[in-house]
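Shown next, in structure tokens, is the structure this report addresses.
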Amino acid sequence: MSLTKEEARDCVKIRPYNKETDLEKVLNLERNCEVGSKKRPILVIDSMGDPLCRIRNSPLYLMMVAESGNDLVGVVCGSIKIATTGGSSDSQAKLGYILGLRVPTRHRCRGIGRRLVLAMEHWFCLNQVDYAYMATERNNEASINLFTYKLGYTKFRTPTILVNPVGNKPGRIDPNVAITKLEVSQAESLYRRHMSSLEFFPQDIDQVLSNKLSLGTWVACRRGESWSEESNWAMISVWNCPYRIRFARLPFVCLFRAKILRHLERLSSCFKRIGIPNIFSFFRFYIIYGAHAEGPEAARFMRALCVHARNMAMKQEGYTVVLAEVGGGDGIRYCIPHRRDMSFSSDIWCIKDLKEGKKESFDWNSLPPCTSIFLDPREF
């Protein structure tokens with residue numbers, strides 16, 4: 001984790017974020033910083049005045065900034081949790097998640113991003129983290145090169161993000177499906193029983209479910225039957241994301257089509273019923289997490305739950321889509337309603353062993369990919 005001679009001579013200082021002096025500078029940096037591939041659509045984040053919004057709900061978190069004189073020239077966030085590594089609920093590790101790495105264009109190629117990541121890894125090691133991981137776009141070559149070629153990360157998993165527009169008209173739920181909201185203790189019991197062996201399942205699932213941003217957990221089964229007594233049911237939890245997003249760098253054809261549809265929506269009641277999402281402005285959204293289904297009618301029950309979540313979002317002003325993130329090979333994605341032209345599977349996770357040569361019988365990097373991953377909504 002040593003710095004090069006050029007980096008050591010650079011007048012950039014890496015230090016923890018200070019809300020009193022750095023808040024406005026960080027917000028300005030994020031607003032003006034381009035992120036992701038220039039050739040692919042991206043999601044632009046509006047933190048709504050809270051630069052810690054993506055990590056604040058994690059068990060342990062830190063933001064670090066790069067300072068040059070009176071200017072901030074880079075930021076990075078990190079969070080720490082204990083989660084399952086797959087195979088069994090007893091196979092757990094302490095994980096550090098790196099996100100929100102930002103360096104303005106005019107300050108790139110100075111090694112600032114590398115130094116920020118190294119500083120975050122140092123904090124991870126001080127807290128006995130076993131593995132560090134990060135997520136980026138598959139086509140973001142600059143980010144992938146930084147982590148894989150310069151920092152020793154390995155390409156690891158490829159989750160899929162499913163996007164379902166909210167629309168203006170409530171979706172119809174099958175009258176033969178009964179939907180029940182669970183108590184937090186009931187939801188925790190179900191998750192630990194059915195999903196605790198999945199990769200990235202958080203040890204503190206009770207804290208996730210009881211968080212004020214978690215709107216609840218619902219189960220669906222055949223009307224007249226009890227989900228607790230049957231093996232034919234489905235469940236989801238819904239998270240109210242604390243920030244806004246919008247689409248950027250969309251292809252011209254997509255932008256032209258969206259503008260035409262938005263114009264038709266203003267003129268025709270038929271298009272209003274469809275509900276074309278406004279992709280040109282920032283919007284709020286819900287996240288579906290912990291999706292699980294069992295039995296011959298699992299797909300029907302999952303669709304009913306997703307419609308229920310969509311109807312919940314429709315009642316809230318400014319909520320445009322419902323997102324669900326699932327493992328790249330998870331069959332549950334076929335049961336979750338989504339728009340193919342808005343959904344994408346271009347993310348890639350990279351991982352690094354931070355045990356620094358300690359003798360371990362378990363090497364997560366060497367395991368074959370699991371089809372299912374528990375996607376923690378606190379890290380979206």
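Labeling convention for the structure tokens: chains A, B, ... as they appear, residues from 1 per chain, ligands from 1 in order of appearance.
With only C-alpha atoms taken into account, the protein and nucleic acid residues at most 8 Å from stretch 59-67 of chain A (excluding it and anything under 5 positions from it in its own chain) are Val12, Lys13, Ile14, Arg15, Pro16, Tyr17, Leu52, Leu72, Val73, Gly74, Val75, Val76, Cys77, Gly78, Ser79, Ile80, Lys81, Ile112, Leu116, Ala119 and Met120 of chain A.
For A:Cys370, the list of residues within 12 Å, based on only C-alpha atoms and with local chain neighbours fewer than 5 positions off taken out, reads Thr85, Gly86, Gly87, Phe156, Arg157, Thr158, Pro159, Ser197, Leu198, Glu199, Phe200, Val326, Gly327, Gly328, Gly329, Asp330, Gly331, Trp364 and Asn365 of chain A.
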Shortest contact to A:Ala313, candidates A:Asn168, A:Asn232, A:Ser91, A:Thr371, atoms counted only C-alpha atoms, goes to A:Asn168
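Between atom CA of A:Tyr133 and atom CA of A:Ser185 the separation is 29.9 Å.
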Any chance you could list, as JSON, numbers by chain, the residues in stretch 36-173 of chain A that come up strand (DSSP E) when DSSP is run on the backbone?
{"A": [42, 43, 44, 45, 46, 60, 61, 62, 63, 64, 65, 66, 67, 68, 71, 72, 73, 74, 75, 76, 77, 78, 79, 80, 81, 82, 83, 84, 92, 93, 94, 95, 96, 97, 98, 99, 100, 101, 102, 131, 132, 133, 134, 135, 136, 137, 154, 155, 156, 157, 160, 161, 162, 163, 164, 165]}
Could you give me, as a VMD selection string, the residues within 8 Å of A:Val322, counting only C-alpha atoms and dropping anything in the same chain fewer than 4 positions from it?
chain A and resid 163 to 166 285 to 288 309 to 310 313
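Closest approach to A:Val184 from the set A:Thr154, A:Thr148, A:Ser237, A:Thr136 is made by A:Ser237, with distances taken over only C-alpha atoms.
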Which residue out of A:Leu354, A:Ala187, A:Gln207, A:Ile173 has the minimum interatomic distance to A:Cys125 when only C-alpha atoms are used?
A:Leu354
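Near A:Cys109, within a cut-off of 12 Å and counting only C-alpha atoms, sit the residues Glu6, Glu7, Val73, Val103, Pro104, Thr105, Arg106, Ile112, Gly113, Arg114, Arg115, Ala142 and Leu146 of chain A, with same-chain residues fewer than 3 positions away left out.
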Would you list, as a PyMOL selection string, the residues of stretch 99-244 of chain A that end up in helix (DSSP H, G or I) under DSSP run on this structure's backbone?
chain A and resi 105-107+112-126+141-150+184-194+205-210
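Of the listed residues (A:Leu95, A:Val177, A:Leu209, A:Val321), A:Val321 comes nearest to A:Arg246; the distances count only C-alpha atoms.
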